[in-house]
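*Asks:* Got a structure for you, start.csv, holding CSV, C-alpha atoms.
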chain,number,residue,atom,x,y,z
A,1,MET,CA,-26.9,50.1,-8.9
A,2,ARG,CA,-24.2,50.0,-11.5
A,3,LEU,CA,-21.6,48.7,-9.0
A,4,THR,CA,-24.0,45.9,-8.0
A,5,ALA,CA,-24.6,44.9,-11.6
A,6,ARG,CA,-20.8,44.9,-12.3
A,7,VAL,CA,-20.1,42.7,-9.2
A,8,SER,CA,-22.9,40.3,-10.3
A,9,VAL,CA,-21.5,40.0,-13.8
A,10,LEU,CA,-18.0,39.5,-12.5
A,11,ALA,CA,-19.2,36.8,-10.1
A,12,SER,CA,-21.1,35.1,-12.8
A,13,ALA,CA,-18.1,35.1,-15.2
A,14,THR,CA,-15.9,33.8,-12.4
A,15,LEU,CA,-18.3,30.9,-11.8
A,16,VAL,CA,-18.4,30.1,-15.5
A,17,ILE,CA,-14.6,30.0,-15.7
A,18,ILE,CA,-14.4,27.8,-12.6
A,19,TRP,CA,-17.0,25.3,-13.9
A,20,GLY,CA,-15.2,25.2,-17.3
A,21,CYS,CA,-11.9,24.3,-15.5
A,22,LEU,CA,-13.6,21.6,-13.4
A,23,LEU,CA,-15.3,20.1,-16.5
A,24,SER,CA,-12.0,20.0,-18.4
A,25,LEU,CA,-10.3,18.2,-15.5
A,26,VAL,CA,-13.1,15.7,-15.3
A,27,ALA,CA,-13.0,15.1,-19.1
A,28,ARG,CA,-9.2,14.8,-18.9
A,29,ASP,CA,-9.4,12.2,-16.1
A,30,LEU,CA,-12.0,10.2,-18.1
A,31,GLN,CA,-9.8,10.3,-21.1
A,32,GLU,CA,-6.7,9.2,-19.2
A,33,HIS,CA,-8.5,6.4,-17.3
A,34,PRO,CA,-11.2,4.8,-19.4
A,35,ALA,CA,-13.5,2.4,-17.6
A,36,SER,CA,-12.1,-0.6,-19.3
A,37,GLY,CA,-9.3,-1.7,-21.6
A,38,THR,CA,-5.7,-1.0,-21.9
A,39,HIS,CA,-4.5,2.5,-22.4
A,40,HIS,CA,-1.3,4.5,-22.3
A,41,HIS,CA,0.0,7.7,-20.7
A,42,PRO,CA,2.5,9.2,-23.2
A,43,GLN,CA,3.7,11.8,-20.7
A,44,ALA,CA,4.4,9.1,-18.0
A,45,ALA,CA,5.9,6.8,-20.7
A,46,ALA,CA,8.5,9.5,-21.5
A,47,ASN,CA,9.8,9.3,-17.9
A,48,LYS,CA,13.0,7.2,-18.3
A,49,ASN,CA,14.2,4.9,-15.6
A,50,PRO,CA,17.5,6.3,-14.2
A,51,VAL,CA,18.1,3.1,-12.0
A,52,PRO,CA,19.9,0.3,-13.8
A,53,ALA,CA,17.8,-3.0,-13.6
A,54,ASP,CA,20.7,-4.9,-12.1
A,55,ALA,CA,20.5,-7.7,-9.5
A,56,LYS,CA,21.0,-5.2,-6.6
A,57,SER,CA,18.0,-3.0,-7.8
A,58,VAL,CA,15.8,-6.0,-8.5
A,59,ALA,CA,16.5,-7.5,-5.0
A,60,ALA,CA,15.8,-4.2,-3.3
A,61,GLY,CA,12.6,-3.8,-5.4
A,62,GLN,CA,11.5,-7.3,-4.4
A,63,LYS,CA,11.9,-6.5,-0.7
A,64,LEU,CA,9.9,-3.3,-1.1
A,65,PHE,CA,7.3,-5.3,-3.1
A,66,GLU,CA,7.0,-7.8,-0.3
A,67,LYS,CA,6.6,-5.0,2.2
A,68,TYR,CA,4.0,-2.9,0.3
A,69,CYS,CA,2.5,-4.9,-2.5
A,70,THR,CA,1.9,-8.5,-1.7
A,71,ASN,CA,-1.2,-7.9,0.4
A,72,CYS,CA,-3.1,-7.0,-2.7
A,73,HIS,CA,-0.9,-8.4,-5.6
A,74,GLY,CA,0.1,-11.6,-3.9
A,75,ASP,CA,3.5,-13.2,-3.5
A,76,LYS,CA,4.0,-13.8,-7.2
A,77,GLY,CA,2.3,-10.6,-8.4
A,78,LYS,CA,-0.8,-12.4,-9.9
A,79,GLY,CA,-3.3,-10.1,-8.2
A,80,ASP,CA,-4.3,-12.8,-5.7
A,81,GLY,CA,-3.3,-11.3,-2.4
A,82,MET,CA,-5.6,-11.6,0.7
A,83,GLU,CA,-6.6,-7.9,0.7
A,84,GLY,CA,-7.2,-7.9,-3.0
A,85,GLU,CA,-10.0,-10.3,-2.8
A,86,GLU,CA,-12.3,-7.6,-1.5
A,87,LEU,CA,-11.3,-4.9,-4.0
A,88,ASN,CA,-13.3,-4.0,-7.1
A,89,PRO,CA,-11.7,-3.9,-9.5
A,90,ARG,CA,-9.3,-6.6,-8.5
A,91,PRO,CA,-5.6,-5.9,-8.3
A,92,ALA,CA,-3.7,-6.2,-11.5
A,93,ASP,CA,-2.0,-9.4,-12.5
A,94,LEU,CA,1.5,-8.1,-12.9
A,95,THR,CA,2.5,-11.3,-14.7
A,96,ASP,CA,0.4,-10.3,-17.7
A,97,ALA,CA,2.1,-9.3,-21.0
A,98,GLU,CA,0.4,-5.9,-20.9
A,99,PHE,CA,-0.6,-3.6,-18.0
A,100,LYS,CA,-3.9,-1.7,-18.1
A,101,HIS,CA,-2.3,1.7,-17.5
A,102,GLY,CA,0.7,1.1,-19.8
A,103,ASP,CA,3.7,-1.2,-19.6
A,104,THR,CA,6.6,1.2,-20.0
A,105,ALA,CA,8.9,1.8,-17.0
A,106,GLY,CA,7.6,5.4,-16.7
A,107,GLU,CA,4.0,4.4,-16.7
A,108,ILE,CA,4.5,1.7,-14.1
A,109,TYR,CA,6.5,4.2,-12.0
A,110,THR,CA,3.7,6.7,-12.2
A,111,VAL,CA,1.0,4.2,-11.2
A,112,ILE,CA,3.1,3.1,-8.2
A,113,ARG,CA,3.9,6.7,-7.2
A,114,ASP,CA,0.5,8.2,-7.7
A,115,GLY,CA,-1.9,5.3,-7.4
A,116,VAL,CA,-5.0,4.9,-9.6
A,117,LYS,CA,-8.3,6.7,-8.9
A,118,GLY,CA,-11.3,4.5,-8.6
A,119,THR,CA,-9.3,1.4,-7.7
A,120,GLY,CA,-7.6,0.0,-4.6
A,121,MET,CA,-4.2,1.0,-6.0
A,122,LYS,CA,-2.9,3.4,-3.4
A,123,ALA,CA,-0.2,6.0,-4.0
A,124,PHE,CA,3.2,5.1,-2.6
A,125,GLY,CA,5.1,8.2,-3.5
A,126,SER,CA,5.1,9.4,0.1
A,127,LYS,CA,6.2,6.0,1.4
A,128,MET,CA,9.2,5.4,-0.9
A,129,THR,CA,12.0,7.5,-2.3
A,130,SER,CA,12.1,8.0,-6.1
A,131,HIS,CA,15.0,5.5,-6.2
A,132,GLU,CA,13.0,2.9,-4.3
A,133,LEU,CA,10.1,3.4,-6.6
A,134,TRP,CA,12.4,2.6,-9.6
A,135,ASP,CA,13.7,-0.5,-7.7
A,136,VAL,CA,10.1,-1.7,-7.5
A,137,VAL,CA,9.6,-1.0,-11.2
A,138,ASN,CA,12.7,-3.0,-12.0
A,139,TYR,CA,11.4,-5.9,-9.9
A,140,VAL,CA,7.8,-5.8,-11.3
A,141,ARG,CA,9.2,-5.9,-14.8
A,142,THR,CA,10.8,-9.3,-13.9
A,143,LEU,CA,7.4,-10.8,-13.1
A,144,GLY,CA,5.9,-10.6,-16.6
A,145,PRO,CA,6.6,-12.9,-19.6
A,146,LYS,CA,10.2,-13.2,-20.6
Would you encode the structure as structure tokens?

*Replies:*
Amino acid sequence: MRLTARVSVLASATLVIIWGCLLSLVARDLQEHPASGTHHHPQAAANKNPVPADAKSVAAGQKLFEKYCTNCHGDKGKGDGMEGEELNPRPADLTDAEFKHGDTAGEIYTVIRDGVKGTGMKAFGSKMTSHELWDVVNYVRTLGPK
């Protein structure tokens, strides 16, 4: 009897710990991605761009953008691509002065690499190298207000 009681208590404690971890992850995701409005990701913002935003990088980023991004974001990055019409929420207008998930190079890189849960923004970290992702960041940053 004592062994059964100990196993039962141990199993209950394990479930409480697992539920606590799951709830903290859900709370963290809700905090990091509010339903509306602009927000920032300080940890991603701290990620500095190692690729100079020179003409070569911007041109490479534009080619990658045309390959992977125009279907949703459109040719000019306004969020008006053919596939984007059916998405809810609609793709971001990358010509805006401020991006919903932060406008630092590191935040843009993280969004492109990891995607955004609950949106049509897919993760491209498995389709592009880190250098290519930074090239796309360099190109995207040319689309916004000067």

*Asks:* Go ahead and compute the interatomic distance for atom CA of Tyr109 of chain A and atom CA of Glu86 of chain A, in Å to one decimal.

*Replies:*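 We find that atom CA of Tyr109 of chain A and atom CA of Glu86 of chain A lie 24.6 Å from each other.
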
*Asks:* In the coordinate frame of the file, compute which residues have an atom within 12 Å of (-8.1, -11.1, -5.4) when using only C-alpha atoms, and state them as a list in words.

*Replies:*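 In the file's frame, the residues around the point are Thr70, Asn71, Cys72, His73, Gly74, Asp75, Gly77, Lys78, Gly79, Asp80, Gly81, Met82, Glu83, Gly84, Glu85, Glu86, Leu87, Asn88, Pro89, Arg90, Pro91, Ala92, Asp93 and Gly120 of chain A.
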
*Asks:* What does the structure give for the distance between atom CA of Thr95 of chain A and atom CA of Pro145 of chain A, in Å to one decimal?

*Replies:*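 Calculated distance between atom CA of Thr95 of chain A and atom CA of Pro145 of chain A is 6.6 Å.
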
*Asks:* For each of A:Val116, A:Ala105, A:Ala123, A:Val111, take the minimum atom-to-atom distance to Tyr139 of chain A, counting only C-alpha atoms, then give the residue where this is smallest.

*Replies:*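 Checking each of A:Val116, A:Ala105, A:Ala123, A:Val111 against Tyr139 of chain A, counting only C-alpha atoms, the winner is A:Ala105.
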
*Asks:* So how many Å separate atom CA of Gly106 of chain A and atom CA of Ala44 of chain A, to one decimal?

*Replies:*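 Separation between atom CA of Gly106 of chain A and atom CA of Ala44 of chain A: 5.1 Å.
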
*Asks:* From the options A:His41, A:Ala55, A:Ala46, A:Phe65, which residue's atoms come nearest to Met128 of chain A, counting all atoms listed in the file?

*Replies:*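 Using all atoms listed in the file, the shortest distance to Met128 of chain A belongs to A:Phe65.
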
*Asks:* Ranking A:Leu94, A:Gly61, A:Gly102, A:Val136 by minimum distance to Thr38 of chain A and counting all atoms listed in the file, which one comes first?

*Replies:*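 Closest to Thr38 of chain A, using all atoms listed in the file: A:Gly102.
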
*Asks:* So which residues fall inside 10 Å of (1.6, 3.6, -9.5) if we count all atoms listed in the file? Mind giving them as a PDB file with C-alpha atoms, in the frame of the given file?

*Replies:*
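Result written to point.pdb:
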ATOM      1  CA  HIS A 101      -2.300   1.700 -17.500  1.00  0.00           C
ATOM      2  CA  GLY A 106       7.600   5.400 -16.700  1.00  0.00           C
ATOM      3  CA  GLU A 107       4.000   4.400 -16.700  1.00  0.00           C
ATOM      4  CA  ILE A 108       4.500   1.700 -14.100  1.00  0.00           C
ATOM      5  CA  TYR A 109       6.500   4.200 -12.000  1.00  0.00           C
ATOM      6  CA  THR A 110       3.700   6.700 -12.200  1.00  0.00           C
ATOM      7  CA  VAL A 111       1.000   4.200 -11.200  1.00  0.00           C
ATOM      8  CA  ILE A 112       3.100   3.100  -8.200  1.00  0.00           C
ATOM      9  CA  ARG A 113       3.900   6.700  -7.200  1.00  0.00           C
ATOM     10  CA  ASP A 114       0.500   8.200  -7.700  1.00  0.00           C
ATOM     11  CA  GLY A 115      -1.900   5.300  -7.400  1.00  0.00           C
ATOM     12  CA  VAL A 116      -5.000   4.900  -9.600  1.00  0.00           C
ATOM     13  CA  MET A 121      -4.200   1.000  -6.000  1.00  0.00           C
ATOM     14  CA  LYS A 122      -2.900   3.400  -3.400  1.00  0.00           C
ATOM     15  CA  ALA A 123      -0.200   6.000  -4.000  1.00  0.00           C
ATOM     16  CA  PHE A 124       3.200   5.100  -2.600  1.00  0.00           C
ATOM     17  CA  GLY A 125       5.100   8.200  -3.500  1.00  0.00           C
ATOM     18  CA  LEU A 133      10.100   3.400  -6.600  1.00  0.00           C
ATOM     19  CA  VAL A 137       9.600  -1.000 -11.200  1.00  0.00           C
TER      20      VAL A 137
END
